[in-house]
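Structure file structure.txt; described as compact mmCIF, C-alpha atoms and all ligand atoms.
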```
# COMPACT_ATOMS: atom_id res chain seq x y z
CA MET A 297 69.87 161.32 -10.25
CA LYS A 298 68.01 158.11 -9.52
CA ALA A 299 68.84 156.24 -6.33
CA GLN A 300 70.75 152.99 -6.74
CA GLN A 301 69.36 149.95 -4.97
CA LEU A 302 70.77 146.60 -3.95
CA LYS A 303 69.42 143.79 -1.85
CA LEU A 304 71.54 141.51 0.28
CA LYS A 305 69.44 138.33 0.41
CA LEU A 306 70.35 135.89 3.15
CA ASP A 307 68.60 132.76 4.43
CA ALA A 308 66.97 134.32 7.44
CA HIS A 309 66.91 138.00 6.51
CA SER A 310 67.40 140.41 3.70
CA CYS A 311 68.83 143.88 3.75
CA PRO A 312 67.91 146.57 1.23
CA ILE A 313 70.74 148.98 0.46
CA ILE A 314 69.85 152.39 -0.94
CA ILE A 315 72.54 154.64 -2.43
CA GLY A 316 72.34 158.20 -3.71
CA GLU A 317 72.14 161.91 -3.06
CA GLY A 318 69.09 162.98 -1.07
CA VAL A 319 67.94 159.43 -0.33
CA VAL A 320 67.97 160.03 3.41
CA ASN A 321 64.97 162.32 3.05
CA ASP A 322 62.85 159.21 2.39
CA LEU A 323 64.06 157.46 5.51
CA VAL A 324 60.62 157.00 7.07
CA ALA A 325 59.21 155.24 4.00
CA MET A 326 62.32 153.02 3.78
CA ILE A 327 62.07 152.06 7.46
CA GLU A 328 58.37 151.29 7.16
CA LYS A 329 59.06 149.05 4.19
CA ALA A 330 62.05 147.25 5.71
CA LEU A 331 60.65 146.96 9.24
CA PRO A 332 56.87 147.24 8.99
CA SER A 333 54.93 147.82 12.20
CA LYS A 334 51.45 149.06 13.01
CA LYS A 335 52.48 150.01 16.52
CA SER A 336 54.43 153.08 17.45
CA ARG A 337 58.06 152.34 18.34
CA LYS A 338 61.16 153.98 19.70
CA ILE A 339 64.08 154.85 17.44
CA PHE A 340 67.53 155.41 18.97
CA ILE A 341 70.14 157.13 16.83
CA ILE A 342 73.66 156.40 17.98
CA ALA A 343 75.29 159.33 16.20
CA ASP A 344 78.80 160.64 15.69
CA LYS A 345 78.46 163.83 17.73
CA ASP A 346 80.65 165.84 15.35
CA LEU A 347 78.32 165.40 12.39
CA THR A 348 76.02 168.31 13.21
CA LYS A 349 74.61 168.72 9.72
CA ALA A 350 73.93 165.04 9.07
CA ARG A 351 72.34 164.68 12.50
CA THR A 352 69.97 167.58 11.86
CA GLN A 353 69.06 166.19 8.46
CA VAL A 354 68.32 162.72 9.86
CA LEU A 355 66.22 164.09 12.73
CA LYS A 356 64.26 166.15 10.21
CA ALA A 357 63.77 163.15 7.95
CA LEU A 358 62.45 161.11 10.89
CA ALA A 359 59.98 163.76 12.07
CA LYS A 360 56.98 161.91 10.60
CA ILE A 361 57.78 158.46 11.93
CA ASN A 362 55.13 156.63 13.92
CA GLY A 363 57.05 156.64 17.18
CA SER A 364 59.57 158.58 19.22
CA VAL A 365 63.12 159.45 18.23
CA HIS A 366 65.99 159.70 20.71
CA GLU A 367 69.50 160.69 19.81
CA ILE A 368 72.56 159.38 21.64
CA PRO A 369 75.56 161.42 20.44
CA VAL A 370 78.96 159.77 20.96
CA LYS A 371 82.58 160.52 20.12
CA ALA A 372 83.57 158.45 17.09
CA GLY A 373 86.91 156.72 16.72
CA GLU A 374 88.73 153.63 17.88
CA GLY A 375 88.32 154.83 21.50
CA LEU A 376 84.59 154.17 21.18
CA LYS A 377 85.18 150.51 20.37
CA ASP A 378 86.05 149.82 24.00
CA ILE A 379 83.91 148.03 26.56
CA GLU A 380 84.31 151.00 28.94
CA SER A 381 82.87 153.38 26.34
CA VAL A 382 80.15 151.03 25.19
CA PHE A 383 78.77 149.83 28.53
CA PRO A 384 77.19 153.18 29.56
CA LEU A 385 75.30 153.22 26.26
CA TYR A 386 73.29 150.16 27.36
CA GLY A 387 72.42 152.15 30.48
CA LYS A 388 71.15 155.04 28.32
CA LEU A 389 68.93 152.65 26.36
CA LEU A 390 67.57 151.14 29.59
CA GLU A 391 66.87 154.57 31.08
CA LEU A 392 65.03 155.58 27.92
CA LYS A 393 63.08 152.31 28.11
CA ALA A 394 64.23 150.86 24.82
CA ASP A 395 62.43 147.56 24.28
CA ARG A 396 62.68 144.64 21.90
CA GLN A 397 60.65 146.48 19.25
CA SER A 398 62.96 149.50 19.35
CA ILE A 399 65.28 150.23 16.44
CA ILE A 400 68.86 151.45 16.63
CA ILE A 401 70.22 153.66 13.87
CA ALA A 402 73.97 153.96 13.41
CA LEU A 403 74.82 157.41 12.05
CA GLY A 404 78.54 157.75 11.44
CA GLY A 405 81.63 155.99 10.14
CA GLY A 406 82.85 152.44 10.67
CA THR A 407 83.44 152.79 14.40
CA ILE A 408 79.86 153.97 14.99
CA GLY A 409 78.51 151.14 12.81
CA ASP A 410 80.59 148.49 14.58
CA VAL A 411 79.51 149.72 18.02
CA ALA A 412 75.85 150.50 17.31
CA GLY A 413 75.51 147.15 15.51
CA PHE A 414 77.13 145.36 18.47
CA ILE A 415 74.78 147.06 20.92
CA ALA A 416 71.84 146.10 18.70
CA ALA A 417 73.13 142.50 18.64
CA THR A 418 73.33 142.28 22.41
CA TYR A 419 70.72 144.64 23.92
CA MET A 420 67.92 142.40 25.20
CA ARG A 421 69.47 139.56 23.15
CA GLY A 422 69.20 141.46 19.92
CA ILE A 423 67.08 144.21 18.39
CA SER A 424 66.87 145.60 14.84
CA TRP A 425 69.29 148.14 13.51
CA ILE A 426 69.79 150.34 10.49
CA GLY A 427 73.06 151.68 9.08
CA LEU A 428 73.43 155.27 7.92
CA PRO A 429 77.14 155.24 7.08
CA THR A 430 78.82 158.63 6.69
CA THR A 431 82.40 157.84 5.64
CA LEU A 432 83.37 156.51 2.23
CA LEU A 433 84.94 153.49 3.94
CA ALA A 434 81.72 152.72 5.76
CA GLN A 435 79.58 153.25 2.65
CA VAL A 436 81.66 150.95 0.43
CA ASP A 437 82.50 148.30 2.98
CA SER A 438 81.94 148.22 6.73
CA SER A 439 78.20 149.03 6.82
CA VAL A 440 77.29 145.83 4.96
CA GLY A 441 77.94 142.26 6.06
CA GLY A 442 76.77 142.16 9.66
CA LYS A 443 80.16 142.10 11.37
CA THR A 444 79.75 144.14 14.53
CA GLY A 445 82.05 144.46 17.49
CA ILE A 446 84.56 146.16 19.69
CA ASN A 447 88.27 145.86 20.46
CA HIS A 448 90.16 144.19 23.31
CA SER A 449 93.50 145.37 24.64
CA LEU A 450 94.95 142.21 23.05
CA GLY A 451 93.65 142.98 19.58
CA LYS A 452 91.15 144.70 17.30
CA ASN A 453 87.60 143.47 16.68
CA LEU A 454 88.06 140.45 18.96
CA ILE A 455 84.72 140.82 20.75
CA GLY A 456 81.67 140.86 18.54
CA ALA A 457 78.72 139.27 16.85
CA PHE A 458 77.26 138.76 13.42
CA HIS A 459 74.12 140.84 13.35
CA GLN A 460 72.76 141.99 10.00
CA PRO A 461 71.27 145.47 9.69
CA SER A 462 67.70 145.56 8.36
CA LEU A 463 68.45 148.48 6.07
CA VAL A 464 71.52 150.43 4.92
CA VAL A 465 71.17 153.91 3.48
CA CYS A 466 74.25 155.41 1.82
CA GLU A 467 73.48 159.13 1.60
CA THR A 468 76.29 160.34 -0.65
CA SER A 469 75.88 164.03 0.27
CA PHE A 470 77.11 163.15 3.78
CA LEU A 471 80.53 162.49 2.25
CA LYS A 472 81.06 166.12 1.27
CA THR A 473 82.54 167.09 4.62
CA LEU A 474 85.15 164.30 4.65
CA SER A 475 88.82 165.23 4.63
CA ALA A 476 91.04 164.13 1.73
CA ARG A 477 92.59 161.54 4.04
CA GLU A 478 89.21 160.04 4.91
CA ILE A 479 88.38 159.85 1.22
CA ASN A 480 91.69 158.14 0.48
CA SER A 481 90.99 155.67 3.25
CA GLY A 482 87.75 154.67 1.50
CA LEU A 483 89.56 154.49 -1.84
CA GLY A 484 91.81 151.83 -0.32
CA GLU A 485 88.88 149.46 0.24
CA ILE A 486 87.42 150.33 -3.18
CA ALA A 487 90.71 149.45 -4.89
CA LYS A 488 90.62 146.17 -2.96
CA TYR A 489 87.35 145.18 -4.66
CA ALA A 490 88.65 146.20 -8.09
CA ILE A 491 91.94 144.31 -7.79
CA THR A 492 90.56 141.13 -6.28
CA PHE A 493 87.37 140.79 -8.34
CA ASP A 494 86.85 143.07 -11.24
CA PRO A 495 89.16 144.19 -14.11
CA LYS A 496 86.39 146.31 -15.66
CA PHE A 497 85.86 148.12 -12.36
CA PHE A 498 89.63 148.55 -12.08
CA ASP A 499 89.70 150.33 -15.45
CA TYR A 500 86.72 152.46 -14.46
CA LEU A 501 88.47 153.45 -11.24
CA SER A 502 91.72 154.26 -13.02
CA GLU A 503 89.84 156.49 -15.47
CA ASN A 504 87.59 158.19 -12.93
CA LEU A 505 89.83 158.50 -9.89
CA LYS A 506 90.04 162.30 -10.10
CA ASP A 507 86.25 162.67 -10.24
CA LEU A 508 85.89 160.13 -7.46
CA LYS A 509 88.26 162.12 -5.25
CA LYS A 510 86.14 165.18 -5.98
CA LEU A 511 83.06 163.11 -5.04
CA LYS A 512 81.30 163.60 -8.37
CA ALA A 513 77.81 162.26 -7.62
CA SER A 514 77.40 159.79 -10.49
CA VAL A 515 80.90 158.34 -9.97
CA VAL A 516 80.52 157.99 -6.21
CA SER A 517 77.17 156.23 -6.49
CA HIS A 518 78.46 153.82 -9.11
CA VAL A 519 81.59 153.00 -7.11
CA ILE A 520 79.65 152.41 -3.89
CA LYS A 521 77.19 150.16 -5.69
CA ARG A 522 79.90 148.14 -7.45
CA SER A 523 81.94 147.68 -4.27
CA LEU A 524 78.88 146.62 -2.28
CA GLU A 525 77.77 144.21 -5.01
CA TRP A 526 81.05 142.35 -4.55
CA LYS A 527 80.79 142.51 -0.79
CA CYS A 528 77.19 141.21 -0.88
CA LEU A 529 78.23 138.33 -3.12
CA CYS A 530 80.85 137.20 -0.58
CA VAL A 531 78.57 137.71 2.43
CA LYS A 532 75.72 135.83 0.75
CA GLN A 533 77.89 132.78 0.24
CA ASP A 534 79.47 132.85 3.68
CA GLU A 535 77.42 134.94 6.09
CA TYR A 536 79.32 133.77 9.19
CA ASP A 537 82.80 133.80 7.64
CA ARG A 538 83.28 130.06 8.14
CA LEU A 539 83.85 128.80 4.61
CA GLY A 540 86.73 131.04 3.63
CA VAL A 541 84.73 132.91 0.96
CA ARG A 542 85.05 136.20 2.84
CA GLU A 543 88.79 135.66 3.20
CA VAL A 544 89.45 137.51 -0.03
CA LEU A 545 88.06 140.67 1.62
CA ASN A 546 91.18 140.53 3.77
CA PHE A 547 93.40 141.27 0.79
CA GLY A 548 95.95 143.84 1.98
CA HIS A 549 94.82 143.50 5.58
CA THR A 550 97.52 141.23 7.02
CA PHE A 551 100.34 143.72 6.48
CA GLY A 552 97.85 146.61 6.87
CA HIS A 553 96.73 145.50 10.34
CA ALA A 554 100.35 145.01 11.42
CA LEU A 555 101.19 148.52 10.26
CA GLU A 556 98.21 149.98 12.12
CA ALA A 557 99.10 148.10 15.31
CA ILE A 558 102.80 148.98 15.28
CA THR A 559 101.97 152.65 14.90
CA ASP A 560 99.39 152.44 17.74
CA PHE A 561 96.48 153.12 15.35
CA LYS A 562 97.62 156.75 15.22
CA LYS A 563 99.57 157.20 12.00
CA TYR A 564 97.24 155.62 9.43
CA GLN A 565 93.53 155.57 8.76
CA HIS A 566 92.40 151.97 8.28
CA GLY A 567 92.11 152.20 4.48
CA GLU A 568 95.47 153.98 4.23
CA ALA A 569 97.16 151.06 5.98
CA VAL A 570 95.28 148.72 3.63
CA VAL A 571 96.80 150.56 0.64
CA TRP A 572 100.27 149.70 1.98
CA GLY A 573 99.04 146.20 2.75
CA MET A 574 97.88 145.70 -0.83
CA ARG A 575 101.15 147.00 -2.22
CA PHE A 576 103.00 144.56 0.03
CA ALA A 577 100.67 141.71 -0.99
CA LEU A 578 101.25 142.52 -4.67
CA ALA A 579 105.02 142.38 -4.16
CA LEU A 580 104.58 139.08 -2.32
CA SER A 581 102.37 137.78 -5.15
CA GLU A 582 105.25 138.39 -7.53
CA ILE A 583 107.87 136.89 -5.21
CA ARG A 584 105.71 133.78 -4.73
CA GLY A 585 105.44 133.40 -8.50
CA HIS A 586 101.72 134.10 -8.78
CA LEU A 587 101.82 137.48 -10.48
CA LYS A 588 103.75 138.80 -13.48
CA SER A 589 105.87 141.85 -12.83
CA LYS A 590 104.14 143.92 -15.52
CA ASP A 591 100.71 143.12 -14.08
CA ARG A 592 101.88 144.14 -10.64
CA THR A 593 103.12 147.44 -12.03
CA LYS A 594 99.69 148.15 -13.51
CA MET A 595 97.98 147.65 -10.15
CA GLU A 596 100.72 149.60 -8.31
CA GLN A 597 100.01 152.53 -10.66
CA LEU A 598 96.49 152.86 -9.29
CA LEU A 599 97.53 152.38 -5.67
CA LEU A 600 100.28 155.01 -6.02
CA LYS A 601 97.61 157.54 -6.98
CA ILE A 602 95.94 157.11 -3.59
CA GLU A 603 98.10 159.34 -1.42
CA VAL A 604 98.82 157.78 1.97
CA PRO A 605 101.42 158.59 4.66
CA ALA A 606 104.84 157.05 3.97
CA LEU A 607 106.04 153.97 5.84
CA PRO A 608 107.75 154.93 9.10
CA ARG A 609 111.45 155.47 8.36
CA THR A 610 112.37 153.37 11.35
CA LEU A 611 109.96 150.55 10.54
CA ASP A 612 111.38 147.31 11.92
CA PHE A 613 110.28 144.61 9.51
CA LYS A 614 110.88 141.89 12.12
CA GLN A 615 108.24 143.56 14.25
CA VAL A 616 105.88 143.63 11.27
CA MET A 617 106.47 139.91 10.74
CA SER A 618 105.80 139.03 14.34
CA HIS A 619 102.55 141.01 14.22
CA MET A 620 101.49 139.28 11.03
CA LYS A 621 102.07 135.94 12.72
CA LYS A 622 99.81 136.93 15.58
CA ASP A 623 97.12 137.52 12.99
CA LYS A 624 94.29 135.02 13.29
CA LYS A 625 95.17 133.60 9.87
CA ALA A 626 98.65 132.40 10.84
CA GLN A 627 99.09 128.67 11.39
CA ASP A 628 102.30 126.79 12.30
CA ASN A 629 104.38 129.92 11.87
CA LEU A 630 103.38 130.09 8.19
CA ILE A 631 101.17 133.05 7.40
CA ARG A 632 98.20 132.57 5.12
CA PHE A 633 97.95 135.37 2.59
CA VAL A 634 95.39 136.45 0.06
CA LEU A 635 97.51 137.04 -3.03
CA ILE A 636 96.81 137.98 -6.63
CA ASP A 637 97.25 135.75 -9.68
CA ARG A 638 96.16 138.37 -12.14
CA LEU A 639 93.87 141.37 -12.07
CA GLY A 640 90.50 140.23 -10.71
CA GLN A 641 91.78 136.82 -9.60
CA SER A 642 92.95 136.13 -6.05
CA VAL A 643 94.58 133.06 -4.56
CA SER A 644 95.03 131.96 -0.96
CA ASP A 645 98.64 131.02 -0.25
CA HIS A 646 99.50 129.34 3.06
CA MET A 647 103.09 128.45 2.22
CA VAL A 648 104.60 131.90 2.59
CA THR A 649 108.00 131.76 4.34
CA ASP A 650 109.89 134.42 6.28
CA GLU A 651 112.30 134.70 3.39
CA ASP A 652 109.45 135.42 0.97
CA LEU A 653 108.26 138.17 3.30
CA VAL A 654 111.69 139.79 3.55
CA GLU A 655 112.16 139.66 -0.22
CA SER A 656 108.75 141.22 -0.77
CA PHE A 657 109.51 144.04 1.62
CA LYS A 658 112.70 144.76 -0.32
CA LEU A 659 110.76 144.77 -3.57
CA LEU A 660 108.12 147.09 -2.08
CA ASN A 661 110.78 149.55 -0.98
CA LYS A 662 112.32 149.49 -4.43
CA VAL A 663 108.98 150.56 -5.89
CA SER A 664 108.19 153.21 -3.35
CA VAL A 665 111.44 155.24 -3.65
N1 LIG B 1 82.36 145.73 10.33
C1 LIG B 1 83.12 145.63 9.27
O1 LIG B 1 82.89 144.78 8.40
C2 LIG B 1 84.27 146.58 9.10
C3 LIG B 1 84.97 146.60 7.87
C4 LIG B 1 86.00 147.55 7.72
C5 LIG B 1 86.31 148.41 8.77
N2 LIG B 1 85.62 148.34 9.95
C6 LIG B 1 85.92 149.23 11.05
O2 LIG B 1 85.64 150.56 10.66
C7 LIG B 1 86.43 151.47 11.42
C8 LIG B 1 87.01 152.53 10.54
O3 LIG B 1 85.96 153.20 9.89
P1 LIG B 1 85.96 154.78 9.68
O4 LIG B 1 87.25 155.22 9.11
O5 LIG B 1 84.70 155.14 8.97
O6 LIG B 1 85.93 155.26 11.21
P2 LIG B 1 85.30 156.43 12.08
O7 LIG B 1 83.91 156.11 12.46
O8 LIG B 1 86.27 156.61 13.22
O9 LIG B 1 85.35 157.72 11.16
C9 LIG B 1 86.58 158.32 10.86
C10 LIG B 1 86.55 159.83 11.17
O10 LIG B 1 85.71 160.49 10.22
C11 LIG B 1 84.80 161.34 10.89
N3 LIG B 1 83.60 161.39 10.05
C12 LIG B 1 82.65 160.45 9.88
N4 LIG B 1 81.77 160.83 8.95
C13 LIG B 1 82.15 162.06 8.54
C14 LIG B 1 81.65 162.98 7.58
N5 LIG B 1 80.58 162.69 6.82
N6 LIG B 1 82.29 164.16 7.42
C15 LIG B 1 83.40 164.45 8.15
N7 LIG B 1 83.94 163.62 9.05
C16 LIG B 1 83.32 162.43 9.23
C17 LIG B 1 84.61 160.74 12.24
O11 LIG B 1 84.16 161.70 13.18
C18 LIG B 1 86.00 160.21 12.53
O12 LIG B 1 86.81 161.23 13.05
C19 LIG B 1 87.50 150.62 12.11
O13 LIG B 1 87.21 150.49 13.47
C20 LIG B 1 87.39 149.26 11.42
O14 LIG B 1 87.73 148.17 12.27
C21 LIG B 1 84.60 147.44 10.11
ZN ZN B 2 89.25 146.90 5.82
```
Translate the structure of the given file into structure tokens.
Amino acid sequence: MKAQQLKLKLDAHSCPIIIGEGVVNDLVAMIEKALPSKKSRKIFIIADKDLTKARTQVLKALAKINGSVHEIPVKAGEGLKDIESVFPLYGKLLELKADRQSIIIALGGGTIGDVAGFIAATYMRGISWIGLPTTLLAQVDSSVGGKTGINHSLGKNLIGAFHQPSLVVCETSFLKTLSAREINSGLGEIAKYAITFDPKFFDYLSENLKDLKKLKASVVSHVIKRSLEWKCLCVKQDEYDRLGVREVLNFGHTFGHALEAITDFKKYQHGEAVVWGMRFALALSEIRGHLKSKDRTKMEQLLLKIEVPALPRTLDFKQVMSHMKKDKKAQDNLIRFVLIDRLGQSVSDHMVTDEDLVESFKLLNKVSV
């Protein structure tokens, strides 16, 4: 099957995105096109150490590059997005004499991309980097857009920089080793794009969900491309997330982040928590009078097909509310929410009251039992 291609065109840079099965084998040609250089240069792969097969394949694909290749294997996960874990990696780069012409490759899921991108943004005031995302979530969402960063004990993703990759390669065969939960986590972000932007994509997803879960090649490639087209459109209009255009990408994330935080980031994968967050936001959309009940049911139907762990039986909704208020979008005790008017049409509502939230939670629980 032919590779799918996109280009994220920004004022100062542009980022080709290549999607498909087997595309990674052409990595050298893609790098030479995206980052041309006559001189030999050093490539540093910050790789999820558990991905033995993908790592071998990437090293093989890079064998003919004009330069040297060094691999820095790391343990993926939220623990990596910590200054204590990241700092020694700068030391590794210095020891290996990485210079300003060197290129960092991120090989792994969203945590690897966030960290490798952040190191690329800050090492010697910024060097080029390339994303080779290996989770569905990273291929449909986190690898594109240039948000890089790490966590602080006071909150997630609070330390970071905007630093666009020069190339993103979504090798779909990498996804074959993902667990069902990891796939569902990616489906959460995919459903986000369909619900907020695209009724036609929503119908496609509803019809092809089974094949998507089985990672049927043509379906996966199409879904990655469609999701990234929407992401690119938002990023293009608001690269630095200052105008509010990218806000819609937070649909489902206010409640989702609270759920992740309350359960110490242990119970849910990010996209799983976002599925709950979207279901909550849909209930709130109805309570706030934006969304018709029958339209909400239609969107719920799709979300219910993405299996995610149940809400904790002891979930204290007051605690959820106080977390949501800590969210950077809360102002004057009123939380700003991305809600849905109708399929494919979102609305930003900053008048949501505590009562609305409680009512929505009741409605959500009615649906989920
Ligand atoms: N920068 C952004 O715009 C953005 C957007 C959304 C999410 N994120 C971040 O992304 C992170 C979550 O991403 P994630 O779920 O990909 O995290 P991750 O990197 O922790 O990967 C999840 C798990 O999947 C494993 N894995 C990765 N690829 C695999 C493969 N091909 N086969 C089998 N196992 C594989 C990893 O080892 C890990 O255990 C969060 O930290 C979140 O904040 C960033
Ligand atoms: Zn997300």
Hey, can you check how far atom CA of Glu374 of chain A sits from atom CA of Asn480 of chain A?
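Atom-to-atom, atom CA of Glu374 of chain A and atom CA of Asn480 of chain A are spaced 18.2 Å apart.
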What do you get as an NGL selection string if you pick all residues at most 7 Å from ligand ZN 2 (chain B), counting only C-alpha atoms and all ligand atoms?
:A and (485 or 546 or 549 or 566-567 or 570)
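Atom CA of Thr430 of chain A lies 16.8 Å from atom CA of Lys356 of chain A.
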Best match for closeness to Glu651 of chain A among A:Lys349, A:His619, A:Lys614, A:Arg592, counting all atoms listed in the file:
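Looking only at the distances to Glu651 of chain A, the closest residue turns out to be A:Lys614.
Residue nearest Val319 of chain A within the list A:Lys393, A:Lys622, A:Lys298, A:Lys506: A:Lys298 [criterion: smallest interatomic distance, all atoms listed in the file].
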Can you pull out every residue within 12 Å of Ala308 of chain A, counting all atoms listed in the file, but drop anything in the same chain fewer than 3 positions away, and send it as a list in words?
Leu304, Lys305, Cys311, His459, Gln460, Ser462, Lys532 and Glu535 of chain A
Which residue of A:Ser481, A:Cys528, A:Leu505, A:Ser475 approaches Tyr564 of chain A most closely, using all atoms listed in the file:
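The answer is A:Ser481, which sits nearest to Tyr564 of chain A.
One finds atom CA of Val515 of chain A at 10.6 Å from atom CA of Gly316 of chain A.
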Arg638 of chain A proximity check over A:Leu376, A:Ile558, A:Ile491, A:Ile314, using all atoms listed in the file: winner is A:Ile491
List as a count of residues only the protein and nucleic acid residues lying within 9 Å of ligand LIG 1 (chain B), with all atoms listed in the file counted.
58
Using all atoms listed in the file, which residues sit within 9 Å of Leu385 of chain A once same-chain residues fewer than 4 positions away are excluded, as a ChimeraX atom specification?
/A:368,381,389-390,415
Skip Val643 of chain A itself and residues of its chain fewer than 4 positions away, then list as a compact mmCIF listing (two decimals) with C-alpha atoms, in the coordinates of the input all residues within 9 Å of it, counting all atoms listed in the file.
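The resulting selection_13.txt:
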```txt
# COMPACT_ATOMS: atom_id res chain seq x y z
CA VAL A 544 89.45 137.51 -0.03
CA HIS A 586 101.72 134.10 -8.78
CA PHE A 633 97.95 135.37 2.59
CA VAL A 634 95.39 136.45 0.06
CA LEU A 635 97.51 137.04 -3.03
CA ILE A 636 96.81 137.98 -6.63
CA ASP A 637 97.25 135.75 -9.68
```
Counting all atoms listed in the file, figure out which residue out of A:Gly552, A:Gly451, A:Gly456, A:Pro312 gets nearest to Ile426 of chain A.
A:Pro312
Selection near Phe497 of chain A, 10 Å with all atoms listed in the file, sequence-local residues under 5 positions removed, as a VMD selection string
chain A and resid 486 to 487 489 to 491 502 to 503 518 to 519 522 to 523 640
Pick the closest to Val531 of chain A from A:Ser310, A:Gln641, A:Gln300, A:Thr559: which is it, counting all atoms listed in the file?
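For Val531 of chain A, the nearest of the candidates is A:Ser310.
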Test item: residues at most 6 Å from Ser398 of chain A, all atoms listed in the file, excluding those fewer than 2 positions along its chain, as a PDB file with C-alpha atoms, keeping the file's coordinate frame:
```pdb
ATOM      1  CA  ARG A 337      58.060 152.340  18.340  1.00  0.00           C
ATOM      2  CA  LYS A 338      61.160 153.980  19.700  1.00  0.00           C
ATOM      3  CA  ILE A 339      64.080 154.850  17.440  1.00  0.00           C
ATOM      4  CA  ALA A 394      64.230 150.860  24.820  1.00  0.00           C
ATOM      5  CA  ASP A 395      62.430 147.560  24.280  1.00  0.00           C
ATOM      6  CA  ARG A 396      62.680 144.640  21.900  1.00  0.00           C
TER       7      ARG A 396
END
```
Centre and edge lengths of an axis-aligned box around all listed atoms of segment 376-391 of chain A, with 5 Å added on each side, are to be given in Å to one decimal, as AutoDock Vina command-line options.
```
--center_x 76.5 --center_y 151.5 --center_z 25.7 --size_x 29.2 --size_y 17.0 --size_z 20.7
```
N, CA and C atoms restored at segment 349-360 of chain A, emitted as a short mmCIF file (atom, residue, chain, number, x, y, z; two decimals), keeping the file's coordinate frame:
```cif
data_model
loop_
_atom_site.label_atom_id
_atom_site.label_comp_id
_atom_site.auth_asym_id
_atom_site.auth_seq_id
_atom_site.Cartn_x
_atom_site.Cartn_y
_atom_site.Cartn_z
N LYS A 349 75.52 168.54 10.85
CA LYS A 349 74.61 168.72 9.72
C LYS A 349 73.84 167.42 9.41
N ALA A 350 74.57 166.33 9.37
CA ALA A 350 73.93 165.04 9.07
C ALA A 350 72.91 164.70 10.15
N ARG A 351 73.26 164.99 11.40
CA ARG A 351 72.34 164.68 12.50
C ARG A 351 71.04 165.46 12.36
N THR A 352 71.18 166.75 12.03
CA THR A 352 69.97 167.58 11.86
C THR A 352 69.12 167.03 10.72
N GLN A 353 69.79 166.68 9.64
CA GLN A 353 69.06 166.19 8.46
C GLN A 353 68.31 164.88 8.77
N VAL A 354 68.95 164.01 9.53
CA VAL A 354 68.32 162.72 9.86
C VAL A 354 67.14 162.94 10.82
N LEU A 355 67.32 163.83 11.79
CA LEU A 355 66.22 164.09 12.73
C LEU A 355 65.02 164.68 11.98
N LYS A 356 65.33 165.55 11.01
CA LYS A 356 64.26 166.15 10.21
C LYS A 356 63.55 165.07 9.38
N ALA A 357 64.35 164.20 8.79
CA ALA A 357 63.77 163.15 7.95
C ALA A 357 62.89 162.20 8.76
N LEU A 358 63.20 162.07 10.06
CA LEU A 358 62.45 161.11 10.89
C LEU A 358 61.23 161.74 11.58
N ALA A 359 61.02 163.05 11.33
CA ALA A 359 59.98 163.76 12.07
C ALA A 359 58.61 163.09 11.96
N LYS A 360 58.34 162.45 10.81
CA LYS A 360 56.98 161.91 10.60
C LYS A 360 56.86 160.44 10.98
#
```
